[in-house]
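Novice: Following this line is upload.cif, made up of mmCIF, C-alpha atoms:
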```cif
data_work
#
loop_
_atom_site.label_atom_id
_atom_site.label_comp_id
_atom_site.auth_asym_id
_atom_site.auth_seq_id
_atom_site.Cartn_x
_atom_site.Cartn_y
_atom_site.Cartn_z
CA MET A 1 61.02 -7.82 34.56
CA LYS A 2 61.45 -8.04 38.29
CA PRO A 3 59.87 -5.73 40.82
CA SER A 4 62.24 -2.99 41.95
CA SER A 5 62.01 -1.27 45.30
CA GLY A 6 63.29 1.43 47.62
CA ASN A 7 62.32 3.63 50.54
CA LEU A 8 61.20 7.20 50.04
CA PHE A 9 62.62 8.32 53.37
CA ALA A 10 66.07 6.81 52.88
CA GLU A 11 69.20 8.49 51.53
CA ILE A 12 68.02 11.98 52.39
CA ALA A 13 70.78 14.40 51.49
CA ALA A 14 69.11 17.76 51.51
CA ALA A 15 71.35 20.71 52.10
CA ARG A 16 70.73 24.37 52.63
CA ASP A 17 72.52 25.18 49.41
CA GLY A 18 70.40 22.99 47.17
CA GLU A 19 67.34 20.77 46.94
CA GLN A 20 67.70 17.07 46.17
CA PHE A 21 65.86 15.67 43.12
CA THR A 22 65.50 11.94 42.47
CA ASP A 23 63.54 10.38 39.60
CA LEU A 24 61.65 7.32 40.79
CA LEU A 25 59.86 6.52 37.55
CA ALA A 26 59.96 7.95 34.06
CA GLY A 27 57.80 7.08 31.10
CA PRO A 28 56.52 8.65 27.89
CA SER A 29 53.73 10.53 29.62
CA LEU A 30 54.72 10.70 33.27
CA ARG A 31 57.61 11.29 35.62
CA LEU A 32 57.55 10.56 39.33
CA GLU A 33 60.08 12.46 41.38
CA ARG A 34 61.13 12.82 44.99
CA ILE A 35 62.13 16.31 46.02
CA VAL A 36 63.83 17.08 49.32
CA SER A 37 63.91 20.71 50.42
CA LEU A 38 65.60 22.30 53.37
CA GLY A 39 64.56 25.91 53.69
CA GLN A 40 64.50 26.63 49.94
CA ALA A 41 61.90 28.83 48.28
CA THR A 42 61.20 30.11 44.78
CA PRO A 43 63.25 33.28 44.25
CA ALA A 44 61.34 36.48 45.05
CA GLY A 45 59.28 37.76 42.15
CA GLU A 46 59.46 34.50 40.20
CA TRP A 47 56.74 31.98 39.36
CA LEU A 48 56.92 28.30 38.54
CA ASP A 49 55.09 27.78 35.24
CA GLN A 50 55.04 24.23 33.89
CA ASN A 51 54.03 22.73 30.56
CA GLU A 52 52.71 19.61 32.25
CA ALA A 53 50.27 19.06 35.06
CA GLU A 54 51.63 18.04 38.44
CA TRP A 55 50.18 16.16 41.39
CA VAL A 56 52.36 16.77 44.41
CA ILE A 57 52.12 15.58 48.00
CA LEU A 58 54.10 16.74 51.01
CA LEU A 59 55.02 13.75 53.16
CA ARG A 60 57.39 15.20 55.74
CA GLY A 61 58.18 18.72 56.87
CA ALA A 62 56.11 21.79 56.05
CA ALA A 63 55.78 24.31 53.23
CA LYS A 64 53.79 27.25 51.94
CA LEU A 65 52.62 27.46 48.33
CA THR A 66 51.08 30.45 46.60
CA PHE A 67 49.03 30.21 43.42
CA GLU A 68 48.68 33.21 41.16
CA GLY A 69 45.41 34.99 41.87
CA GLU A 70 44.98 33.57 45.34
CA PRO A 71 45.07 36.10 48.18
CA SER A 72 47.23 34.07 50.54
CA ALA A 73 49.59 31.12 50.67
CA ARG A 74 48.42 27.58 51.30
CA GLU A 75 50.14 25.92 54.24
CA LEU A 76 51.01 22.30 53.59
CA GLN A 77 51.38 19.66 56.28
CA PRO A 78 52.22 15.96 55.87
CA GLY A 79 49.64 14.22 53.70
CA ASP A 80 48.52 17.42 51.96
CA TYR A 81 48.42 17.11 48.19
CA VAL A 82 47.67 19.56 45.40
CA THR A 83 46.86 19.02 41.74
CA ILE A 84 48.49 21.82 39.76
CA PRO A 85 47.14 22.22 36.22
CA ALA A 86 49.61 22.89 33.41
CA ARG A 87 50.41 26.59 33.07
CA CYS A 88 49.05 27.35 36.54
CA ARG A 89 51.59 29.77 37.96
CA HIS A 90 52.64 29.09 41.51
CA ARG A 91 55.56 29.52 43.84
CA VAL A 92 57.00 27.83 46.89
CA ASP A 93 57.09 30.66 49.43
CA TRP A 94 58.69 28.74 52.23
CA THR A 95 59.90 25.30 53.28
CA SER A 96 60.80 24.47 56.84
CA PRO A 97 64.39 25.31 57.79
CA ASP A 98 64.23 22.86 60.71
CA GLY A 99 64.51 19.59 58.80
CA PRO A 100 63.93 17.98 55.40
CA THR A 101 60.65 18.56 53.63
CA ILE A 102 59.94 15.53 51.47
CA TRP A 103 57.71 15.83 48.41
CA LEU A 104 56.51 13.23 45.96
CA ALA A 105 55.70 14.88 42.62
CA LEU A 106 53.96 13.25 39.68
CA HIS A 107 54.41 15.19 36.45
CA TYR A 108 52.02 14.05 33.73
CA ALA A 109 50.46 15.00 30.42
CA ALA A 110 46.90 15.99 31.32
CA MET B 1 41.58 25.43 36.02
CA LYS B 2 42.24 25.93 39.69
CA PRO B 3 44.49 23.79 41.84
CA SER B 4 42.56 21.18 43.83
CA SER B 5 43.76 19.73 47.09
CA GLY B 6 43.22 17.22 49.88
CA ASN B 7 44.99 15.24 52.58
CA LEU B 8 45.97 11.63 52.06
CA PHE B 9 45.56 10.79 55.73
CA ALA B 10 42.10 12.31 56.12
CA GLU B 11 38.76 10.56 55.84
CA ILE B 12 40.14 7.14 56.61
CA ALA B 13 37.28 4.69 56.70
CA ALA B 14 38.94 1.30 56.51
CA ALA B 15 36.97 -1.55 57.95
CA ARG B 16 37.76 -5.15 58.60
CA ASP B 17 35.15 -6.21 56.09
CA GLY B 18 36.53 -4.22 53.17
CA GLU B 19 39.38 -2.07 51.91
CA GLN B 20 38.76 1.57 50.98
CA PHE B 21 39.66 2.69 47.44
CA THR B 22 39.77 6.35 46.42
CA ASP B 23 40.81 7.65 43.00
CA LEU B 24 42.93 10.78 43.36
CA LEU B 25 43.71 11.32 39.69
CA ALA B 26 42.64 9.59 36.49
CA GLY B 27 43.85 10.20 32.98
CA PRO B 28 44.20 8.37 29.67
CA SER B 29 47.39 6.60 30.69
CA LEU B 30 47.48 6.73 34.48
CA ARG B 31 45.37 6.37 37.59
CA LEU B 32 46.48 7.39 41.06
CA GLU B 33 44.65 5.69 43.88
CA ARG B 34 44.67 5.64 47.66
CA ILE B 35 44.05 2.24 49.20
CA VAL B 36 43.36 1.76 52.90
CA SER B 37 43.66 -1.77 54.25
CA LEU B 38 42.88 -3.11 57.69
CA GLY B 39 44.00 -6.70 57.99
CA GLN B 40 43.01 -7.70 54.45
CA ALA B 41 45.07 -10.07 52.30
CA THR B 42 44.76 -11.61 48.85
CA PRO B 43 42.67 -14.79 49.20
CA ALA B 44 44.75 -17.95 49.67
CA GLY B 45 45.92 -19.47 46.42
CA GLU B 46 45.17 -16.37 44.35
CA TRP B 47 47.51 -13.95 42.57
CA LEU B 48 47.07 -10.36 41.53
CA ASP B 49 47.88 -10.14 37.83
CA GLN B 50 47.50 -6.71 36.23
CA ASN B 51 47.52 -5.48 32.64
CA GLU B 52 49.21 -2.26 33.65
CA ALA B 53 52.35 -1.49 35.60
CA GLU B 54 51.99 -0.20 39.13
CA TRP B 55 54.18 1.90 41.39
CA VAL B 56 52.98 1.54 44.94
CA ILE B 57 54.20 3.02 48.21
CA LEU B 58 53.16 2.12 51.73
CA LEU B 59 52.86 5.29 53.81
CA ARG B 60 51.33 4.07 57.07
CA GLY B 61 50.94 0.67 58.64
CA ALA B 62 52.72 -2.49 57.52
CA ALA B 63 52.26 -5.22 54.93
CA LYS B 64 53.85 -8.29 53.38
CA LEU B 65 53.96 -8.79 49.62
CA THR B 66 54.97 -11.92 47.77
CA PHE B 67 56.05 -11.95 44.13
CA GLU B 68 55.78 -15.15 42.10
CA GLY B 69 59.14 -16.88 42.00
CA GLU B 70 60.53 -15.21 45.09
CA PRO B 71 61.26 -17.48 48.04
CA SER B 72 59.84 -15.25 50.74
CA ALA B 73 57.57 -12.29 51.29
CA ARG B 74 58.84 -8.71 51.28
CA GLU B 75 57.99 -6.81 54.44
CA LEU B 76 56.93 -3.24 53.77
CA GLN B 77 57.30 -0.40 56.25
CA PRO B 78 56.34 3.26 55.80
CA GLY B 79 58.17 4.79 52.85
CA ASP B 80 58.80 1.46 51.12
CA TYR B 81 57.82 1.46 47.47
CA VAL B 82 57.78 -1.21 44.78
CA THR B 83 57.50 -0.97 41.01
CA ILE B 84 55.42 -3.91 39.80
CA PRO B 85 55.72 -4.61 36.07
CA ALA B 86 52.55 -5.47 34.13
CA ARG B 87 51.73 -9.17 34.35
CA CYS B 88 54.04 -9.67 37.33
CA ARG B 89 52.03 -11.93 39.60
CA HIS B 90 52.01 -10.95 43.23
CA ARG B 91 49.89 -11.16 46.32
CA VAL B 92 49.35 -9.23 49.52
CA ASP B 93 50.01 -11.83 52.18
CA TRP B 94 49.25 -9.68 55.16
CA THR B 95 48.34 -6.18 56.22
CA SER B 96 48.48 -5.03 59.81
CA PRO B 97 45.33 -5.76 61.80
CA ASP B 98 46.26 -3.09 64.36
CA GLY B 99 45.42 0.02 62.37
CA PRO B 100 44.99 1.34 58.83
CA THR B 101 47.65 0.58 56.24
CA ILE B 102 47.69 3.44 53.73
CA TRP B 103 48.96 2.88 50.20
CA LEU B 104 49.39 5.24 47.31
CA ALA B 105 49.23 3.33 44.02
CA LEU B 106 50.05 4.71 40.59
CA HIS B 107 48.72 2.52 37.78
CA TYR B 108 50.22 3.39 34.42
CA ALA B 109 50.79 2.18 30.87
CA ALA B 110 54.47 1.22 30.79
#
```
Could you quickly redo this structure as structure tokens?

Specialist:
Amino acid sequence: MKPSSGNLFAEIAAARDGEQFTDLLAGPSLRLERIVSLGQATPAGEWLDQNEAEWVILLRGAAKLTFEGEPSARELQPGDYVTIPARCRHRVDWTSPDGPTIWLALHYAA
Amino acid sequence: MKPSSGNLFAEIAAARDGEQFTDLLAGPSLRLERIVSLGQATPAGEWLDQNEAEWVILLRGAAKLTFEGEPSARELQPGDYVTIPARCRHRVDWTSPDGPTIWLALHYAA
């Protein structure tokens, strides 16, 4: 097998009407995904609730995340990462409307 | 379990006499690691040869990687990532001496 390559900041096609999801790696116990947001948020009153754990880092842009039981949102700047245990309810309250917010998300069986 | 967090660009302590390695996540079939280089390279005549596959992205700085059998080095800029199959011999020819080169490396059982 030969080494394959790409650039995480290339081919950005975020739009206000939908986030962009790109799988970078997929295996039996992990999936690595790039997500590009442009102003999207989790719908009001809803939570994200995942069967697998997730390690996610924000690399460009800005966002606010709320975790169930926490009094206020966490503001994420470039370089900020969060490990989200499986079944830990959370929501994306806000992503910057001014330009793409680029996330790298590792979904894995904990 | 509560969500844990950090910033990938904080607490950079690279030095010319040694790279900085920080485990961000470790599980039965994966390990996520931050590596900070400052001018280091694989010793002349040596190859890196790993039992596990690796997905690695350069997020700050610059580097050159050579893969066995390829005629020339690949130059990596921020955002560039490479998937390195297990047992694929490679070397880091050069990392920038001008400031920290920050890598995020995911080691996993393919």

Novice: Do you know which residues are at most 7 Å from stretch 48-51 of chain B counting all atoms listed in the file, after dropping those on the same chain fewer than 2 positions away, and could you put them as a ChimeraX atom specification?

Specialist: /B:46,53,86-91

Novice: Pull out every residue of chain B sitting within 9 Å of chain A, counting all atoms listed in the file, and send them as a PyMOL selection string.

Specialist: chain B and resi 1-10+25+27-30+55+57+59+67+77-86+88+108-110

Novice: Step by step, work through what the PyMOL selection byres ((chain A and resi 100) around 7) selects in the shown file, and finish by giving those residues as a ChimeraX atom specification.

Specialist: /A:14,36-38,61,99,101-102

Novice: What would chain B look like once superposed on chain A, with the fit done by least squares over all C-alpha atoms paired in order? Give it as a PDB file with C-alpha atoms, in the coordinates of the input.

Specialist:
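This went into result.pdb:
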```
ATOM      1  CA  MET B   1      61.027  -7.878  34.568  1.00  0.00           C
ATOM      2  CA  LYS B   2      61.438  -8.076  38.303  1.00  0.00           C
ATOM      3  CA  PRO B   3      59.865  -5.745  40.824  1.00  0.00           C
ATOM      4  CA  SER B   4      62.250  -3.008  41.971  1.00  0.00           C
ATOM      5  CA  SER B   5      62.005  -1.288  45.311  1.00  0.00           C
ATOM      6  CA  GLY B   6      63.285   1.430  47.624  1.00  0.00           C
ATOM      7  CA  ASN B   7      62.329   3.639  50.548  1.00  0.00           C
ATOM      8  CA  LEU B   8      61.201   7.208  50.040  1.00  0.00           C
ATOM      9  CA  PHE B   9      62.624   8.333  53.365  1.00  0.00           C
ATOM     10  CA  ALA B  10      66.069   6.808  52.879  1.00  0.00           C
ATOM     11  CA  GLU B  11      69.173   8.491  51.527  1.00  0.00           C
ATOM     12  CA  ILE B  12      68.029  11.977  52.380  1.00  0.00           C
ATOM     13  CA  ALA B  13      70.770  14.393  51.461  1.00  0.00           C
ATOM     14  CA  ALA B  14      69.085  17.776  51.479  1.00  0.00           C
ATOM     15  CA  ALA B  15      71.350  20.709  52.070  1.00  0.00           C
ATOM     16  CA  ARG B  16      70.736  24.358  52.628  1.00  0.00           C
ATOM     17  CA  ASP B  17      72.516  25.184  49.405  1.00  0.00           C
ATOM     18  CA  GLY B  18      70.389  22.984  47.164  1.00  0.00           C
ATOM     19  CA  GLU B  19      67.323  20.774  46.938  1.00  0.00           C
ATOM     20  CA  GLN B  20      67.696  17.064  46.164  1.00  0.00           C
ATOM     21  CA  PHE B  21      65.843  15.676  43.125  1.00  0.00           C
ATOM     22  CA  THR B  22      65.490  11.948  42.473  1.00  0.00           C
ATOM     23  CA  ASP B  23      63.540  10.392  39.602  1.00  0.00           C
ATOM     24  CA  LEU B  24      61.644   7.325  40.796  1.00  0.00           C
ATOM     25  CA  LEU B  25      59.863   6.504  37.553  1.00  0.00           C
ATOM     26  CA  ALA B  26      59.964   7.960  34.053  1.00  0.00           C
ATOM     27  CA  GLY B  27      57.816   7.087  31.090  1.00  0.00           C
ATOM     28  CA  PRO B  28      56.523   8.651  27.879  1.00  0.00           C
ATOM     29  CA  SER B  29      53.732  10.534  29.616  1.00  0.00           C
ATOM     30  CA  LEU B  30      54.720  10.708  33.274  1.00  0.00           C
ATOM     31  CA  ARG B  31      57.620  11.290  35.620  1.00  0.00           C
ATOM     32  CA  LEU B  32      57.550  10.563  39.333  1.00  0.00           C
ATOM     33  CA  GLU B  33      60.084  12.460  41.374  1.00  0.00           C
ATOM     34  CA  ARG B  34      61.134  12.812  44.989  1.00  0.00           C
ATOM     35  CA  ILE B  35      62.126  16.316  46.014  1.00  0.00           C
ATOM     36  CA  VAL B  36      63.830  17.082  49.316  1.00  0.00           C
ATOM     37  CA  SER B  37      63.884  20.712  50.410  1.00  0.00           C
ATOM     38  CA  LEU B  38      65.591  22.312  53.370  1.00  0.00           C
ATOM     39  CA  GLY B  39      64.561  25.928  53.687  1.00  0.00           C
ATOM     40  CA  GLN B  40      64.497  26.631  49.944  1.00  0.00           C
ATOM     41  CA  ALA B  41      61.886  28.846  48.283  1.00  0.00           C
ATOM     42  CA  THR B  42      61.189  30.102  44.775  1.00  0.00           C
ATOM     43  CA  PRO B  43      63.256  33.275  44.264  1.00  0.00           C
ATOM     44  CA  ALA B  44      61.359  36.486  45.050  1.00  0.00           C
ATOM     45  CA  GLY B  45      59.299  37.756  42.153  1.00  0.00           C
ATOM     46  CA  GLU B  46      59.468  34.492  40.210  1.00  0.00           C
ATOM     47  CA  TRP B  47      56.747  31.966  39.364  1.00  0.00           C
ATOM     48  CA  LEU B  48      56.916  28.299  38.532  1.00  0.00           C
ATOM     49  CA  ASP B  49      55.094  27.794  35.243  1.00  0.00           C
ATOM     50  CA  GLN B  50      55.044  24.244  33.880  1.00  0.00           C
ATOM     51  CA  ASN B  51      54.023  22.732  30.552  1.00  0.00           C
ATOM     52  CA  GLU B  52      52.724  19.622  32.253  1.00  0.00           C
ATOM     53  CA  ALA B  53      50.274  19.047  35.067  1.00  0.00           C
ATOM     54  CA  GLU B  54      51.633  18.039  38.442  1.00  0.00           C
ATOM     55  CA  TRP B  55      50.196  16.152  41.390  1.00  0.00           C
ATOM     56  CA  VAL B  56      52.348  16.779  44.414  1.00  0.00           C
ATOM     57  CA  ILE B  57      52.121  15.579  48.003  1.00  0.00           C
ATOM     58  CA  LEU B  58      54.104  16.745  51.001  1.00  0.00           C
ATOM     59  CA  LEU B  59      55.017  13.748  53.157  1.00  0.00           C
ATOM     60  CA  ARG B  60      57.393  15.206  55.742  1.00  0.00           C
ATOM     61  CA  GLY B  61      58.173  18.715  56.861  1.00  0.00           C
ATOM     62  CA  ALA B  62      56.113  21.796  56.043  1.00  0.00           C
ATOM     63  CA  ALA B  63      55.790  24.306  53.219  1.00  0.00           C
ATOM     64  CA  LYS B  64      53.792  27.261  51.943  1.00  0.00           C
ATOM     65  CA  LEU B  65      52.616  27.461  48.340  1.00  0.00           C
ATOM     66  CA  THR B  66      51.088  30.445  46.608  1.00  0.00           C
ATOM     67  CA  PHE B  67      49.022  30.197  43.432  1.00  0.00           C
ATOM     68  CA  GLU B  68      48.669  33.222  41.160  1.00  0.00           C
ATOM     69  CA  GLY B  69      45.399  34.977  41.878  1.00  0.00           C
ATOM     70  CA  GLU B  70      44.960  33.576  45.358  1.00  0.00           C
ATOM     71  CA  PRO B  71      45.069  36.082  48.203  1.00  0.00           C
ATOM     72  CA  SER B  72      47.221  34.058  50.560  1.00  0.00           C
ATOM     73  CA  ALA B  73      49.587  31.125  50.679  1.00  0.00           C
ATOM     74  CA  ARG B  74      48.407  27.570  51.315  1.00  0.00           C
ATOM     75  CA  GLU B  75      50.138  25.919  54.246  1.00  0.00           C
ATOM     76  CA  LEU B  76      51.005  22.294  53.590  1.00  0.00           C
ATOM     77  CA  GLN B  77      51.385  19.666  56.292  1.00  0.00           C
ATOM     78  CA  PRO B  78      52.220  15.971  55.882  1.00  0.00           C
ATOM     79  CA  GLY B  79      49.647  14.232  53.703  1.00  0.00           C
ATOM     80  CA  ASP B  80      48.515  17.420  51.962  1.00  0.00           C
ATOM     81  CA  TYR B  81      48.422  17.118  48.196  1.00  0.00           C
ATOM     82  CA  VAL B  82      47.668  19.564  45.401  1.00  0.00           C
ATOM     83  CA  THR B  83      46.872  19.021  41.737  1.00  0.00           C
ATOM     84  CA  ILE B  84      48.491  21.830  39.757  1.00  0.00           C
ATOM     85  CA  PRO B  85      47.140  22.234  36.221  1.00  0.00           C
ATOM     86  CA  ALA B  86      49.621  22.899  33.401  1.00  0.00           C
ATOM     87  CA  ARG B  87      50.427  26.595  33.084  1.00  0.00           C
ATOM     88  CA  CYS B  88      49.050  27.359  36.546  1.00  0.00           C
ATOM     89  CA  ARG B  89      51.595  29.769  37.966  1.00  0.00           C
ATOM     90  CA  HIS B  90      52.653  29.081  41.508  1.00  0.00           C
ATOM     91  CA  ARG B  91      55.558  29.512  43.845  1.00  0.00           C
ATOM     92  CA  VAL B  92      57.004  27.837  46.905  1.00  0.00           C
ATOM     93  CA  ASP B  93      57.094  30.648  49.426  1.00  0.00           C
ATOM     94  CA  TRP B  94      58.691  28.734  52.231  1.00  0.00           C
ATOM     95  CA  THR B  95      59.904  25.319  53.266  1.00  0.00           C
ATOM     96  CA  SER B  96      60.799  24.461  56.828  1.00  0.00           C
ATOM     97  CA  PRO B  97      64.375  25.310  57.780  1.00  0.00           C
ATOM     98  CA  ASP B  98      64.238  22.864  60.703  1.00  0.00           C
ATOM     99  CA  GLY B  99      64.515  19.596  58.812  1.00  0.00           C
ATOM    100  CA  PRO B 100      63.941  17.993  55.412  1.00  0.00           C
ATOM    101  CA  THR B 101      60.648  18.575  53.629  1.00  0.00           C
ATOM    102  CA  ILE B 102      59.931  15.524  51.470  1.00  0.00           C
ATOM    103  CA  TRP B 103      57.708  15.816  48.410  1.00  0.00           C
ATOM    104  CA  LEU B 104      56.504  13.238  45.958  1.00  0.00           C
ATOM    105  CA  ALA B 105      55.704  14.878  42.616  1.00  0.00           C
ATOM    106  CA  LEU B 106      53.963  13.238  39.680  1.00  0.00           C
ATOM    107  CA  HIS B 107      54.418  15.182  36.443  1.00  0.00           C
ATOM    108  CA  TYR B 108      52.038  14.064  33.726  1.00  0.00           C
ATOM    109  CA  ALA B 109      50.472  14.994  30.398  1.00  0.00           C
ATOM    110  CA  ALA B 110      46.910  15.987  31.286  1.00  0.00           C
TER     111      ALA B 110
END
```

Novice: I'd like the neighbourhood of B:Ile35 as a list in words, where a residue qualifies if any of its atoms comes within 6 Å (using only C-alpha atoms), though same-chain residues fewer than 3 positions away should be ignored.

Specialist: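 After dropping sequence-adjacent residues, the list is Gln20, Phe21, Ile102 and Trp103 of chain B.
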
Novice: Atom CA of A:Arg60 and atom CA of A:Ala44 are how many Å apart?

Specialist: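 Computing it gives 24.1 Å between the two atoms.
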
Novice: Might you pull out every residue within 6 Å of B:Gly39, with all atoms listed in the file counted and same-chain residues fewer than 4 positions away left off, and present them as a list of chain:residue names?

Specialist: B:Thr95, B:Ser96, B:Pro97

Novice: Mind dumping the selected residues with C-alpha atoms as a compact mmCIF listing (two decimals), keeping the file's coordinate frame?

Specialist:
```txt
# COMPACT_ATOMS: atom_id res chain seq x y z
CA THR B 95 48.34 -6.18 56.22
CA SER B 96 48.48 -5.03 59.81
CA PRO B 97 45.33 -5.76 61.80
```

Novice: Quote the spacing between atom CA of B:Thr42 and atom CA of B:Ala62 in Å to one decimal place.

Specialist: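 Interatomic distance here is 14.9 Å.
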
Novice: Can you tell me, as a PyMOL selection string, what residues are no more than 7 Å from A:Val92 when counting only C-alpha atoms, ignoring any on the same chain fewer than 2 positions away?

Specialist: chain A and resi 41-42+64-66+94
